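Undergrad: Okay, so here is target21.pdb, and as you'll see once you scroll down, it has PDB, C-alpha atoms.
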ATOM      1  CA  MET V  12     -16.708  35.903  43.783
ATOM      2  CA  TRP V  13     -14.959  36.381  40.417
ATOM      3  CA  LYS V  14     -13.665  32.829  40.489
ATOM      4  CA  ARG V  15     -17.233  31.555  40.982
ATOM      5  CA  PHE V  16     -18.327  33.602  37.958
ATOM      6  CA  LEU V  17     -15.396  32.698  35.719
ATOM      7  CA  ARG V  18     -15.666  28.939  36.231
ATOM      8  CA  PRO V  19     -19.257  28.613  34.916
ATOM      9  CA  PHE V  20     -18.378  30.989  32.065
ATOM     10  CA  SER V  21     -15.361  28.835  31.186
ATOM     11  CA  ASP V  22     -17.530  25.698  31.285
ATOM     12  CA  TYR V  23     -20.032  27.427  28.985
ATOM     13  CA  ILE V  24     -17.303  28.324  26.479
ATOM     14  CA  ASN V  25     -15.989  24.735  26.533
ATOM     15  CA  LYS V  26     -19.456  23.397  25.811
ATOM     16  CA  MET V  27     -19.735  25.742  22.820
ATOM     17  CA  LEU V  28     -16.527  24.417  21.230
ATOM     18  CA  PRO V  29     -16.935  21.719  18.553
ATOM     19  CA  GLU V  30     -16.255  18.294  20.095
ATOM     20  CA  VAL V  31     -13.811  15.989  18.350
ATOM     21  CA  VAL V  32     -12.979  12.282  18.481
ATOM     22  CA  PHE V  33      -9.809  11.253  16.620
ATOM     23  CA  VAL V  34     -10.217   7.843  14.942
ATOM     24  CA  LEU V  35      -6.949   5.998  14.298
ATOM     25  CA  GLY V  36      -5.834   2.541  13.240
ATOM     26  CA  ALA V  37      -3.864   0.760  10.530
ATOM     27  CA  PRO V  38      -4.948   0.915   6.874
ATOM     28  CA  GLY V  39      -7.867  -1.515   6.557
ATOM     29  CA  ALA V  40      -8.708  -1.571  10.287
ATOM     30  CA  GLY V  41     -12.278  -0.548   9.465
ATOM     31  CA  LYS V  42     -12.182   3.096  10.572
ATOM     32  CA  GLY V  43     -14.489   4.322   7.824
ATOM     33  CA  THR V  44     -17.081   1.596   8.364
ATOM     34  CA  GLN V  45     -17.213   2.204  12.116
ATOM     35  CA  CYS V  46     -17.406   5.970  11.609
ATOM     36  CA  SER V  47     -20.466   5.519   9.382
ATOM     37  CA  PHE V  48     -22.112   3.423  12.119
ATOM     38  CA  ILE V  49     -21.272   6.034  14.794
ATOM     39  CA  SER V  50     -22.613   8.850  12.603
ATOM     40  CA  LYS V  51     -25.962   7.106  12.138
ATOM     41  CA  GLU V  52     -26.324   6.074  15.773
ATOM     42  CA  PHE V  53     -24.919   9.102  17.605
ATOM     43  CA  GLY V  54     -25.086  12.014  15.153
ATOM     44  CA  PHE V  55     -21.373  12.719  14.857
ATOM     45  CA  VAL V  56     -20.200  14.164  11.519
ATOM     46  CA  HIS V  57     -17.648  11.860   9.913
ATOM     47  CA  LEU V  58     -14.682  13.744   8.454
ATOM     48  CA  SER V  59     -12.103  11.498   6.810
ATOM     49  CA  ALA V  60      -8.772  13.274   6.423
ATOM     50  CA  GLY V  61      -7.974  10.944   3.517
ATOM     51  CA  ASP V  62     -11.297  11.571   1.754
ATOM     52  CA  LEU V  63     -10.946  15.341   2.167
ATOM     53  CA  LEU V  64      -7.476  15.169   0.639
ATOM     54  CA  ARG V  65      -8.693  12.969  -2.239
ATOM     55  CA  GLU V  66     -11.570  15.387  -2.919
ATOM     56  CA  GLU V  67      -9.167  18.320  -2.908
ATOM     57  CA  ARG V  68      -6.846  16.437  -5.253
ATOM     58  CA  GLN V  69      -9.704  16.011  -7.748
ATOM     59  CA  ARG V  70     -11.050  19.560  -7.418
ATOM     60  CA  PRO V  71     -10.451  21.467 -10.671
ATOM     61  CA  GLY V  72      -7.883  24.222 -10.217
ATOM     62  CA  SER V  73      -6.649  23.009  -6.808
ATOM     63  CA  GLU V  74      -3.189  24.366  -6.050
ATOM     64  CA  TYR V  75      -2.512  21.290  -3.884
ATOM     65  CA  GLY V  76      -3.881  18.550  -6.186
ATOM     66  CA  GLU V  77      -0.664  17.314  -7.771
ATOM     67  CA  MET V  78       1.249  17.342  -4.479
ATOM     68  CA  ILE V  79      -1.557  15.464  -2.670
ATOM     69  CA  GLU V  80      -1.701  12.794  -5.408
ATOM     70  CA  GLU V  81       2.041  12.197  -5.198
ATOM     71  CA  LYS V  82       2.007  11.953  -1.390
ATOM     72  CA  ILE V  83      -0.974   9.543  -1.324
ATOM     73  CA  ARG V  84       0.476   7.306  -4.063
ATOM     74  CA  ASN V  85       3.780   7.055  -2.184
ATOM     75  CA  GLY V  86       2.121   6.347   1.161
ATOM     76  CA  GLU V  87       3.458   9.623   2.554
ATOM     77  CA  ILE V  88       1.753  12.250   4.714
ATOM     78  CA  VAL V  89       0.452  15.524   3.283
ATOM     79  CA  PRO V  90       1.702  18.752   5.000
ATOM     80  CA  VAL V  91      -0.350  19.466   8.111
ATOM     81  CA  GLU V  92      -1.317  23.015   7.114
ATOM     82  CA  VAL V  93      -3.213  21.645   4.109
ATOM     83  CA  THR V  94      -4.963  18.891   6.073
ATOM     84  CA  CYS V  95      -5.943  21.160   8.999
ATOM     85  CA  SER V  96      -7.298  23.762   6.594
ATOM     86  CA  LEU V  97      -9.492  21.192   4.822
ATOM     87  CA  ILE V  98     -10.743  19.741   8.126
ATOM     88  CA  HIS V  99     -11.572  23.184   9.537
ATOM     89  CA  LYS V 100     -13.455  24.221   6.368
ATOM     90  CA  ALA V 101     -15.466  20.980   6.443
ATOM     91  CA  MET V 102     -16.348  21.501  10.125
ATOM     92  CA  GLN V 103     -17.560  25.039   9.473
ATOM     93  CA  LYS V 104     -19.492  23.996   6.363
ATOM     94  CA  SER V 105     -21.336  21.224   8.242
ATOM     95  CA  GLY V 106     -22.900  23.581  10.793
ATOM     96  CA  LYS V 107     -22.645  20.759  13.375
ATOM     97  CA  THR V 108     -20.777  20.507  16.681
ATOM     98  CA  ARG V 109     -19.617  16.868  17.067
ATOM     99  CA  PHE V 110     -17.042  15.342  14.755
ATOM    100  CA  LEU V 111     -15.193  12.107  14.093
ATOM    101  CA  ILE V 112     -11.856  12.940  12.489
ATOM    102  CA  ASP V 113     -10.798   9.753  10.774
ATOM    103  CA  GLY V 114      -7.119   9.075  10.029
ATOM    104  CA  PHE V 115      -5.695  12.125  11.794
ATOM    105  CA  PRO V 116      -3.301  13.030  13.383
ATOM    106  CA  ARG V 117      -1.013  10.522  11.688
ATOM    107  CA  ASN V 118       2.398  11.824  12.789
ATOM    108  CA  LYS V 119       4.094  14.324  15.100
ATOM    109  CA  ASP V 120       3.881  17.070  12.484
ATOM    110  CA  ASN V 121       0.093  16.498  12.274
ATOM    111  CA  LEU V 122      -0.148  16.572  16.065
ATOM    112  CA  ASP V 123       1.931  19.738  16.427
ATOM    113  CA  GLY V 124       0.010  21.428  13.625
ATOM    114  CA  TRP V 125      -3.361  20.537  15.140
ATOM    115  CA  GLU V 126      -2.339  21.798  18.571
ATOM    116  CA  ARG V 127      -0.971  24.982  17.039
ATOM    117  CA  VAL V 128      -3.937  25.750  14.753
ATOM    118  CA  MET V 129      -6.995  23.913  16.108
ATOM    119  CA  SER V 130      -6.613  23.053  19.798
ATOM    120  CA  ASP V 131      -8.179  26.324  20.970
ATOM    121  CA  LYS V 132     -11.031  25.992  18.442
ATOM    122  CA  THR V 133     -12.094  22.452  19.417
ATOM    123  CA  LYS V 134     -12.470  20.140  22.413
ATOM    124  CA  LEU V 135     -10.862  16.700  22.070
ATOM    125  CA  LEU V 136     -13.064  14.083  23.762
ATOM    126  CA  PHE V 137     -10.851  11.022  23.213
ATOM    127  CA  VAL V 138      -8.925   8.963  20.646
ATOM    128  CA  LEU V 139     -10.684   5.872  19.275
ATOM    129  CA  PHE V 140      -7.992   3.368  18.272
ATOM    130  CA  PHE V 141      -8.925   0.309  16.199
ATOM    131  CA  GLU V 142      -6.439  -2.552  16.601
ATOM    132  CA  CYS V 143      -6.150  -5.080  13.780
ATOM    133  CA  CYS V 144      -3.306  -7.380  12.649
ATOM    134  CA  ARG V 145      -1.340  -6.472   9.540
ATOM    135  CA  ASP V 146      -2.303  -9.576   7.523
ATOM    136  CA  LEU V 147      -6.031  -8.971   7.953
ATOM    137  CA  CYS V 148      -5.686  -5.251   7.202
ATOM    138  CA  THR V 149      -3.740  -6.039   4.023
ATOM    139  CA  GLU V 150      -6.351  -8.586   2.940
ATOM    140  CA  ARG V 151      -9.148  -6.057   3.478
ATOM    141  CA  CYS V 152      -7.388  -3.275   1.546
ATOM    142  CA  LEU V 153      -6.481  -5.504  -1.396
ATOM    143  CA  GLY V 154     -10.055  -6.823  -1.456
ATOM    144  CA  ARG V 155     -11.337  -3.253  -1.431
ATOM    145  CA  GLY V 156      -9.042  -2.380  -4.349
ATOM    146  CA  ALA V 157     -10.078  -5.455  -6.325
ATOM    147  CA  ALA V 158     -13.715  -4.519  -5.785
ATOM    148  CA  GLY V 159     -13.089  -1.136  -7.441
ATOM    149  CA  SER V 160     -12.530   1.266  -4.535
ATOM    150  CA  GLY V 161     -10.926   3.724  -6.953
ATOM    151  CA  ARG V 162      -8.190   4.445  -4.404
ATOM    152  CA  SER V 163      -4.704   4.726  -5.903
ATOM    153  CA  ASP V 164      -3.183   3.412  -2.644
ATOM    154  CA  ASP V 165      -5.154   0.120  -2.392
ATOM    155  CA  ASN V 166      -2.279  -1.942  -3.819
ATOM    156  CA  LEU V 167       0.475  -4.006  -2.240
ATOM    157  CA  GLU V 168       3.339  -1.572  -2.932
ATOM    158  CA  SER V 169       1.486   1.453  -1.499
ATOM    159  CA  LEU V 170       0.218  -0.627   1.434
ATOM    160  CA  GLN V 171       3.746  -1.590   2.472
ATOM    161  CA  LYS V 172       4.688   2.107   2.551
ATOM    162  CA  ARG V 173       1.478   3.007   4.403
ATOM    163  CA  PHE V 174       2.126   0.364   7.067
ATOM    164  CA  ASN V 175       5.674   1.614   7.563
ATOM    165  CA  THR V 176       4.313   5.140   7.981
ATOM    166  CA  TYR V 177       1.685   3.852  10.414
ATOM    167  CA  LEU V 178       4.177   1.948  12.576
ATOM    168  CA  ASN V 179       6.896   4.619  12.591
ATOM    169  CA  ALA V 180       4.784   7.784  12.674
ATOM    170  CA  THR V 181       1.255   7.048  13.919
ATOM    171  CA  MET V 182       1.933   4.625  16.772
ATOM    172  CA  PRO V 183       3.945   7.280  18.688
ATOM    173  CA  ILE V 184       0.839   9.515  18.471
ATOM    174  CA  ILE V 185      -1.237   6.756  20.073
ATOM    175  CA  GLU V 186       1.383   6.496  22.828
ATOM    176  CA  HIS V 187       1.326  10.290  23.312
ATOM    177  CA  TYR V 188      -2.433  10.326  23.884
ATOM    178  CA  GLU V 189      -2.274   7.125  25.928
ATOM    179  CA  HIS V 190      -0.040   8.934  28.454
ATOM    180  CA  LYS V 191      -2.827  11.533  28.724
ATOM    181  CA  GLY V 192      -5.424   8.807  29.381
ATOM    182  CA  LEU V 193      -7.332   9.678  26.204
ATOM    183  CA  VAL V 194      -7.052   6.451  24.169
ATOM    184  CA  HIS V 195      -9.838   3.856  23.927
ATOM    185  CA  ARG V 196      -8.633   0.685  22.203
ATOM    186  CA  VAL V 197     -11.104  -1.498  20.298
ATOM    187  CA  ASN V 198     -10.338  -4.902  18.755
ATOM    188  CA  ALA V 199     -11.277  -4.497  15.073
ATOM    189  CA  GLU V 200     -10.635  -8.048  13.865
ATOM    190  CA  SER V 201     -14.250  -9.243  14.152
ATOM    191  CA  ALA V 202     -17.171  -8.544  11.817
ATOM    192  CA  PRO V 203     -18.063  -4.816  11.671
ATOM    193  CA  GLU V 204     -21.343  -5.278  13.562
ATOM    194  CA  VAL V 205     -19.543  -7.092  16.393
ATOM    195  CA  VAL V 206     -16.857  -4.394  16.608
ATOM    196  CA  PHE V 207     -19.568  -1.729  16.759
ATOM    197  CA  GLU V 208     -21.062  -3.301  19.888
ATOM    198  CA  ASP V 209     -17.847  -2.359  21.729
ATOM    199  CA  VAL V 210     -17.811   1.088  20.114
ATOM    200  CA  LYS V 211     -21.403   1.753  21.190
ATOM    201  CA  LYS V 212     -20.506   1.238  24.842
ATOM    202  CA  LEU V 213     -17.979   4.096  24.647
ATOM    203  CA  PHE V 214     -20.385   6.530  23.000
ATOM    204  CA  ASN V 215     -23.309   5.580  25.240
ATOM    205  CA  LYS V 216     -21.078   6.343  28.222
ATOM    206  CA  LEU V 217     -20.145   9.686  26.646
ATOM    207  CA  ASP V 218     -23.797  10.636  26.193
ATOM    208  CA  ARG V 219     -24.554   9.765  29.839
ATOM    209  CA  ILE V 220     -21.708  12.058  30.970
ATOM    210  CA  ASP V 221     -22.972  14.920  28.767
ATOM    211  CA  ASN V 222     -26.492  14.570  30.078
TER     212      ASN V 222
END
Render the structure in this file as C-alpha coordinates.

TA:
Amino acid sequence: MWKRFLRPFSDYINKMLPEVVFVLGAPGAGKGTQCSFISKEFGFVHLSAGDLLREERQRPGSEYGEMIEEKIRNGEIVPVEVTCSLIHKAMQKSGKTRFLIDGFPRNKDNLDGWERVMSDKTKLLFVLFFECCRDLCTERCLGRGAAGSGRSDDNLESLQKRFNTYLNATMPIIEHYEHKGLVHRVNAESAPEVVFEDVKKLFNKLDRIDN
(Lines of atoms letter the chains of each structure in order from A and count residues from 1; the text may use other names and numbers.)
(Lines give C-alpha, C1' and ligand atoms only; values in the text may rest on other atoms or scores of the structure.)
Protein backbone atom coordinates (compact mmCIF):
# COMPACT_ATOMS: atom_id res chain seq x y z
CA MET A 1 0.00 0.00 0.00
CA TRP A 2 2.77 2.46 0.93
CA LYS A 3 4.58 1.80 -2.32
CA ARG A 4 1.39 2.66 -4.25
CA PHE A 5 1.16 5.93 -2.31
CA LEU A 6 4.84 6.86 -2.56
CA ARG A 7 5.09 6.37 -6.33
CA PRO A 8 2.40 8.94 -7.25
CA PHE A 9 3.83 11.32 -4.63
CA SER A 10 7.30 10.92 -6.16
CA ASP A 11 5.88 11.56 -9.64
CA TYR A 12 4.16 14.69 -8.30
CA ILE A 13 7.41 15.99 -6.81
CA ASN A 14 9.25 15.34 -10.10
CA LYS A 15 6.63 17.28 -12.02
CA MET A 16 7.07 20.22 -9.64
CA LEU A 17 10.83 20.43 -10.28
CA PRO A 18 11.97 22.98 -12.89
CA GLU A 19 12.64 21.19 -16.20
CA VAL A 20 15.94 21.81 -17.94
CA VAL A 21 17.34 21.26 -21.44
CA PHE A 22 21.11 21.75 -21.79
CA VAL A 23 22.00 23.35 -25.14
CA LEU A 24 25.55 22.65 -26.33
CA GLY A 25 27.61 23.10 -29.47
CA ALA A 26 30.75 24.80 -30.74
CA PRO A 27 31.12 28.60 -30.63
CA GLY A 28 29.04 29.92 -33.54
CA ALA A 29 26.88 26.79 -33.91
CA GLY A 30 23.76 28.94 -33.52
CA LYS A 31 22.75 27.99 -29.97
CA GLY A 32 21.48 31.44 -29.07
CA THR A 33 19.43 31.85 -32.25
CA GLN A 34 17.77 28.45 -31.84
CA CYS A 35 17.09 29.10 -28.15
CA SER A 36 15.24 32.31 -29.06
CA PHE A 37 13.10 30.34 -31.54
CA ILE A 38 12.37 27.63 -28.93
CA SER A 39 11.46 30.25 -26.32
CA LYS A 40 8.92 31.90 -28.62
CA GLU A 41 7.41 28.64 -29.86
CA PHE A 42 7.43 26.51 -26.71
CA GLY A 43 7.67 28.93 -23.77
CA PHE A 44 11.01 27.81 -22.39
CA VAL A 45 13.07 30.50 -20.61
CA HIS A 46 16.42 30.94 -22.34
CA LEU A 47 19.32 31.22 -19.88
CA SER A 48 22.69 31.70 -21.55
CA ALA A 49 25.53 30.84 -19.18
CA GLY A 50 27.79 33.16 -21.19
CA ASP A 51 25.32 36.07 -21.11
CA LEU A 52 24.79 35.67 -17.36
CA LEU A 53 28.54 35.76 -16.83
CA ARG A 54 28.94 38.81 -19.09
CA GLU A 55 26.14 40.61 -17.21
CA GLU A 56 27.77 39.77 -13.89
CA ARG A 57 31.11 41.00 -15.22
CA GLN A 58 29.54 44.38 -16.05
CA ARG A 59 27.54 44.70 -12.83
CA PRO A 60 28.96 47.54 -10.70
CA GLY A 61 30.60 46.22 -7.55
CA SER A 62 30.66 42.57 -8.66
CA GLU A 63 33.26 40.59 -6.73
CA TYR A 64 33.62 38.24 -9.72
CA GLY A 65 33.76 40.80 -12.56
CA GLU A 66 37.51 41.01 -13.12
CA MET A 67 37.99 37.24 -12.88
CA ILE A 68 35.11 36.58 -15.32
CA GLU A 69 36.51 39.08 -17.85
CA GLU A 70 39.93 37.45 -17.76
CA LYS A 71 38.51 33.93 -18.17
CA ILE A 72 36.23 34.93 -21.08
CA ARG A 73 38.99 36.85 -22.90
CA ASN A 74 41.32 33.85 -22.62
CA GLY A 75 38.68 31.36 -23.76
CA GLU A 76 38.76 29.66 -20.36
CA ILE A 77 35.91 28.40 -18.18
CA VAL A 78 34.67 30.31 -15.14
CA PRO A 79 34.55 28.35 -11.82
CA VAL A 80 31.38 26.27 -11.63
CA GLU A 81 30.22 27.67 -8.27
CA VAL A 82 29.90 31.13 -9.84
CA THR A 83 28.08 29.89 -12.95
CA CYS A 84 25.66 27.63 -11.02
CA SER A 85 24.86 30.44 -8.61
CA LEU A 86 24.02 32.84 -11.46
CA ILE A 87 21.90 30.21 -13.26
CA HIS A 88 19.98 29.33 -10.09
CA LYS A 89 19.28 33.00 -9.28
CA ALA A 90 18.02 33.60 -12.83
CA MET A 91 15.73 30.55 -12.64
CA GLN A 92 14.23 31.72 -9.36
CA LYS A 93 13.84 35.29 -10.60
CA SER A 94 11.97 34.17 -13.74
CA GLY A 95 9.15 32.48 -11.82
CA LYS A 96 8.93 29.91 -14.66
CA THR A 97 9.42 26.14 -14.71
CA ARG A 98 11.00 25.23 -18.09
CA PHE A 99 14.49 26.34 -19.01
CA LEU A 100 17.02 26.15 -21.82
CA ILE A 101 20.50 26.39 -20.33
CA ASP A 102 22.70 27.48 -23.19
CA GLY A 103 26.44 26.75 -23.15
CA PHE A 104 26.50 24.67 -19.97
CA PRO A 105 27.90 22.32 -18.71
CA ARG A 106 31.08 22.94 -20.68
CA ASN A 107 33.52 20.67 -18.83
CA LYS A 108 33.72 17.97 -16.16
CA ASP A 109 34.01 20.55 -13.39
CA ASN A 110 30.76 22.16 -14.64
CA LEU A 111 29.09 18.75 -14.77
CA ASP A 112 30.25 17.73 -11.30
CA GLY A 113 29.26 21.10 -9.87
CA TRP A 114 25.79 20.95 -11.42
CA GLU A 115 25.19 17.43 -10.15
CA ARG A 116 26.42 18.42 -6.70
CA VAL A 117 24.45 21.68 -6.39
CA MET A 118 21.50 21.54 -8.82
CA SER A 119 20.61 17.95 -9.75
CA ASP A 120 18.14 17.56 -6.87
CA LYS A 121 16.58 20.97 -7.61
CA THR A 122 15.90 20.37 -11.32
CA LYS A 123 14.85 17.67 -13.79
CA LEU A 124 17.08 17.27 -16.86
CA LEU A 125 14.93 16.46 -19.91
CA PHE A 126 17.71 16.04 -22.49
CA VAL A 127 20.81 17.62 -24.05
CA LEU A 128 20.31 19.46 -27.35
CA PHE A 129 23.59 19.29 -29.27
CA PHE A 130 24.10 21.47 -32.36
CA GLU A 131 26.73 20.06 -34.73
CA CYS A 132 28.53 22.49 -37.04
CA CYS A 133 31.96 22.38 -38.73
CA ARG A 134 34.75 24.54 -37.34
CA ASP A 135 35.22 26.67 -40.48
CA LEU A 136 31.56 27.71 -40.59
CA CYS A 137 31.47 28.39 -36.84
CA THR A 138 34.58 30.56 -37.12
CA GLU A 139 33.10 32.48 -40.05
CA ARG A 140 29.89 33.12 -38.11
CA CYS A 141 31.70 34.32 -34.97
CA LEU A 142 34.05 36.63 -36.87
CA GLY A 143 31.07 38.00 -38.81
CA ARG A 144 29.24 38.58 -35.54
CA GLY A 145 32.26 40.43 -34.14
CA ALA A 146 32.64 42.56 -37.26
CA ALA A 147 28.97 43.47 -37.03
CA GLY A 148 29.53 44.86 -33.53
CA SER A 149 28.50 42.04 -31.19
CA GLY A 150 30.41 43.74 -28.38
CA ARG A 151 31.79 40.36 -27.28
CA SER A 152 35.47 40.43 -26.30
CA ASP A 153 35.86 36.80 -27.45
CA ASP A 154 34.59 37.22 -31.06
CA ASN A 155 38.12 37.38 -32.49
CA LEU A 156 40.40 34.82 -34.09
CA GLU A 157 42.81 34.44 -31.14
CA SER A 158 40.02 33.91 -28.57
CA LEU A 159 38.15 31.62 -30.97
CA GLN A 160 41.13 29.29 -31.32
CA LYS A 161 41.27 28.97 -27.52
CA ARG A 162 37.49 28.51 -27.30
CA PHE A 163 37.56 25.72 -29.89
CA ASN A 164 40.36 23.95 -28.03
CA THR A 165 38.32 24.19 -24.84
CA TYR A 166 35.25 22.90 -26.69
CA LEU A 167 37.04 19.89 -28.19
CA ASN A 168 39.01 18.93 -25.07
CA ALA A 169 36.48 19.75 -22.36
CA THR A 170 32.94 19.91 -23.78
CA MET A 171 32.93 16.95 -26.16
CA PRO A 172 33.53 14.49 -23.26
CA ILE A 173 30.38 15.94 -21.62
CA ILE A 174 28.41 15.16 -24.78
CA GLU A 175 29.79 11.61 -24.68
CA HIS A 176 28.85 11.30 -20.98
CA TYR A 177 25.22 12.20 -21.66
CA GLU A 178 25.18 10.15 -24.86
CA HIS A 179 25.92 7.02 -22.78
CA LYS A 180 22.81 7.91 -20.75
CA GLY A 181 20.71 8.21 -23.93
CA LEU A 182 20.02 11.90 -23.29
CA VAL A 183 21.64 13.57 -26.32
CA HIS A 184 19.69 14.78 -29.37
CA ARG A 185 22.02 15.82 -32.19
CA VAL A 186 20.90 18.45 -34.70
CA ASN A 187 22.81 19.48 -37.84
CA ALA A 188 23.28 23.25 -37.46
CA GLU A 189 24.98 24.02 -40.78
CA SER A 190 21.81 25.09 -42.62
CA ALA A 191 19.92 28.38 -42.37
CA PRO A 192 18.47 28.97 -38.87
CA GLU A 193 14.87 28.45 -40.00
CA VAL A 194 15.77 25.09 -41.58
CA VAL A 195 17.62 23.96 -38.44
CA PHE A 196 14.61 24.93 -36.33
CA GLU A 197 12.36 22.55 -38.28
CA ASP A 198 14.41 19.66 -36.85
CA VAL A 199 14.41 21.24 -33.38
CA LYS A 200 10.62 21.63 -33.43
CA LYS A 201 10.15 17.90 -33.93
CA LEU A 202 11.99 17.21 -30.65
CA PHE A 203 9.98 19.72 -28.63
CA ASN A 204 6.65 18.73 -30.20
CA LYS A 205 7.41 15.15 -29.17
CA LEU A 206 8.23 16.35 -25.65
CA ASP A 207 4.91 18.19 -25.36
CA ARG A 208 3.01 15.08 -26.51
CA ILE A 209 4.74 13.02 -23.79
CA ASP A 210 3.89 15.62 -21.11
CA ASN A 211 0.27 15.74 -22.16

Undergrad: Using Å and a single decimal, report how far atom CA of Leu193 of chain V sits from atom CA of Leu178 of chain V.

TA: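 Straight-line distance from atom CA of Leu178 of chain V to atom CA of Leu193 of chain V works out to 19.4 Å.
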
Undergrad: Go through segment 44-90 of chain V and flag each residue having an atom no more than 12 Å from segment 137-140 of chain V; for those, report the closest pair of atoms plus their distance in Å to one decimal, using only C-alpha atoms, ordered by chain and rising number, as JSON lines.

TA:
{"residue": "V:Gln45", "atom": "CA", "partner": "V:Leu139", "partner_atom": "CA", "distance": 10.4}
{"residue": "V:Cys46", "atom": "CA", "partner": "V:Leu139", "partner_atom": "CA", "distance": 10.2}
{"residue": "V:Ile49", "atom": "CA", "partner": "V:Leu139", "partner_atom": "CA", "distance": 11.5}

Undergrad: With distances taken over only C-alpha atoms, which residue among V:Glu87, V:Glu126, V:Glu52, V:Asp62 lies nearest Gly161 of chain V?

TA: V:Asp62

Undergrad: Could you check which of V:Lys119, V:Lys132, V:Arg162, V:Arg109 is closest to Glu186 of chain V, using all atoms listed in the file?

TA: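 Checking each candidate against Glu186 of chain V, we get V:Lys119 as the closest.
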
Undergrad: Enclose the full set of atoms of segment 42-45 of chain V listed in the file within a box whose edges lie along x, y and z, apply 6 Å of padding to each of the six sides, and report centre and edge lengths in Å to one decimal as lines of an AutoDock Vina configuration file.

TA:
center_x = -14.7
center_y = 3.0
center_z = 10.0
size_x = 17.0
size_y = 14.7
size_z = 16.3

Undergrad: Name the residues that the PyMOL selection byres ((chain V and resi 25-38) around 8) pulls out of this structure, and write them as an NGL selection string.

TA: :V and (21-24 or 39-42 or 107-117 or 132-143 or 145 or 148-149 or 152 or 170 or 173-174 or 177)

Undergrad: What does the structure give for the distance between atom CA of Phe53 of chain V and atom CA of Glu204 of chain V, in Å to one decimal?

TA: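 Going from atom CA of Phe53 of chain V over to atom CA of Glu204 of chain V covers 15.4 Å.
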
Undergrad: Any chance you could resolve the PyMOL selection byres ((chain V and resi 64) around 10) against this file and give the residues as a count of residues only?

TA: 21

Undergrad: Can you measure atom CA of Val91 of chain V to atom CA of Ser169 of chain V for me? One decimal in Å is fine.

TA: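 A separation of 20.5 Å between them.
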
Undergrad: So, with only C-alpha atoms as the atoms that count, which of V:Asn118, V:Cys144, V:Asn215, V:Ser160 lies closest to Ser201 of chain V?

TA: V:Cys144

Undergrad: With only C-alpha atoms as the atoms that count, which of V:Lys82, V:Val197, V:Met129, V:Gly124 lies nearest to His99 of chain V?

TA: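 Under the stated criterion, the closest residue is V:Met129.
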
Undergrad: Determine the nearest neighbour of Ile184 of chain V from the options V:Leu147, V:Ala199, V:Leu122, V:Leu58, counting all atoms listed in the file.

TA: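 For Ile184 of chain V, the nearest of the candidates is V:Leu122.
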
Undergrad: Which is closest to Lys211 of chain V among V:Phe48, V:Glu189, V:Ile88, V:Ser73, if we use only C-alpha atoms?

TA: V:Phe48

Undergrad: When you look at Leu153 of chain V with a cut-off of 8 Å (counting all atoms listed in the file), what residues show up, excluding the ones that are within fewer than 6 positions of it in the same chain? I need them as a PyMOL selection string.

TA: chain V and resi 165-167

Undergrad: Could you give me segment 187-198 of chain V completed to N, CA, C and O atoms, formatted as a CSV table (one decimal), in the frame of the given file?

TA:
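Final output, saved to selection.csv:
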chain,number,residue,atom,x,y,z
V,187,HIS,N,1.4,8.9,22.8
V,187,HIS,CA,1.3,10.3,23.3
V,187,HIS,C,0.0,10.5,24.0
V,187,HIS,O,-0.1,11.0,25.1
V,188,TYR,N,-1.1,10.1,23.3
V,188,TYR,CA,-2.4,10.3,23.9
V,188,TYR,C,-2.7,9.3,25.0
V,188,TYR,O,-3.5,9.6,25.9
V,189,GLU,N,-2.1,8.1,24.9
V,189,GLU,CA,-2.3,7.1,25.9
V,189,GLU,C,-1.7,7.6,27.3
V,189,GLU,O,-2.3,7.4,28.3
V,190,HIS,N,-0.6,8.4,27.2
V,190,HIS,CA,0.0,8.9,28.5
V,190,HIS,C,-1.0,10.0,29.1
V,190,HIS,O,-1.0,10.2,30.3
V,191,LYS,N,-1.8,10.5,28.2
V,191,LYS,CA,-2.8,11.5,28.7
V,191,LYS,C,-4.1,10.9,29.1
V,191,LYS,O,-5.1,11.6,29.6
V,192,GLY,N,-4.2,9.5,29.0
V,192,GLY,CA,-5.4,8.8,29.4
V,192,GLY,C,-6.6,9.0,28.4
V,192,GLY,O,-7.8,8.9,28.8
V,193,LEU,N,-6.3,9.3,27.2
V,193,LEU,CA,-7.3,9.7,26.2
V,193,LEU,C,-7.6,8.6,25.1
V,193,LEU,O,-8.5,8.8,24.3
V,194,VAL,N,-6.9,7.5,25.2
V,194,VAL,CA,-7.1,6.5,24.2
V,194,VAL,C,-8.0,5.3,24.6
V,194,VAL,O,-7.9,4.8,25.7
V,195,HIS,N,-9.0,5.0,23.7
V,195,HIS,CA,-9.8,3.9,23.9
V,195,HIS,C,-9.5,2.9,22.8
V,195,HIS,O,-9.8,3.2,21.6
V,196,ARG,N,-9.0,1.7,23.2
V,196,ARG,CA,-8.6,0.7,22.2
V,196,ARG,C,-9.8,-0.2,21.9
V,196,ARG,O,-10.5,-0.7,22.9
V,197,VAL,N,-10.0,-0.6,20.7
V,197,VAL,CA,-11.1,-1.5,20.3
V,197,VAL,C,-10.5,-2.5,19.4
V,197,VAL,O,-9.9,-2.2,18.4
V,198,ASN,N,-10.8,-3.8,19.6
V,198,ASN,CA,-10.3,-4.9,18.8
V,198,ASN,C,-11.2,-4.9,17.5
V,198,ASN,O,-12.4,-5.0,17.6
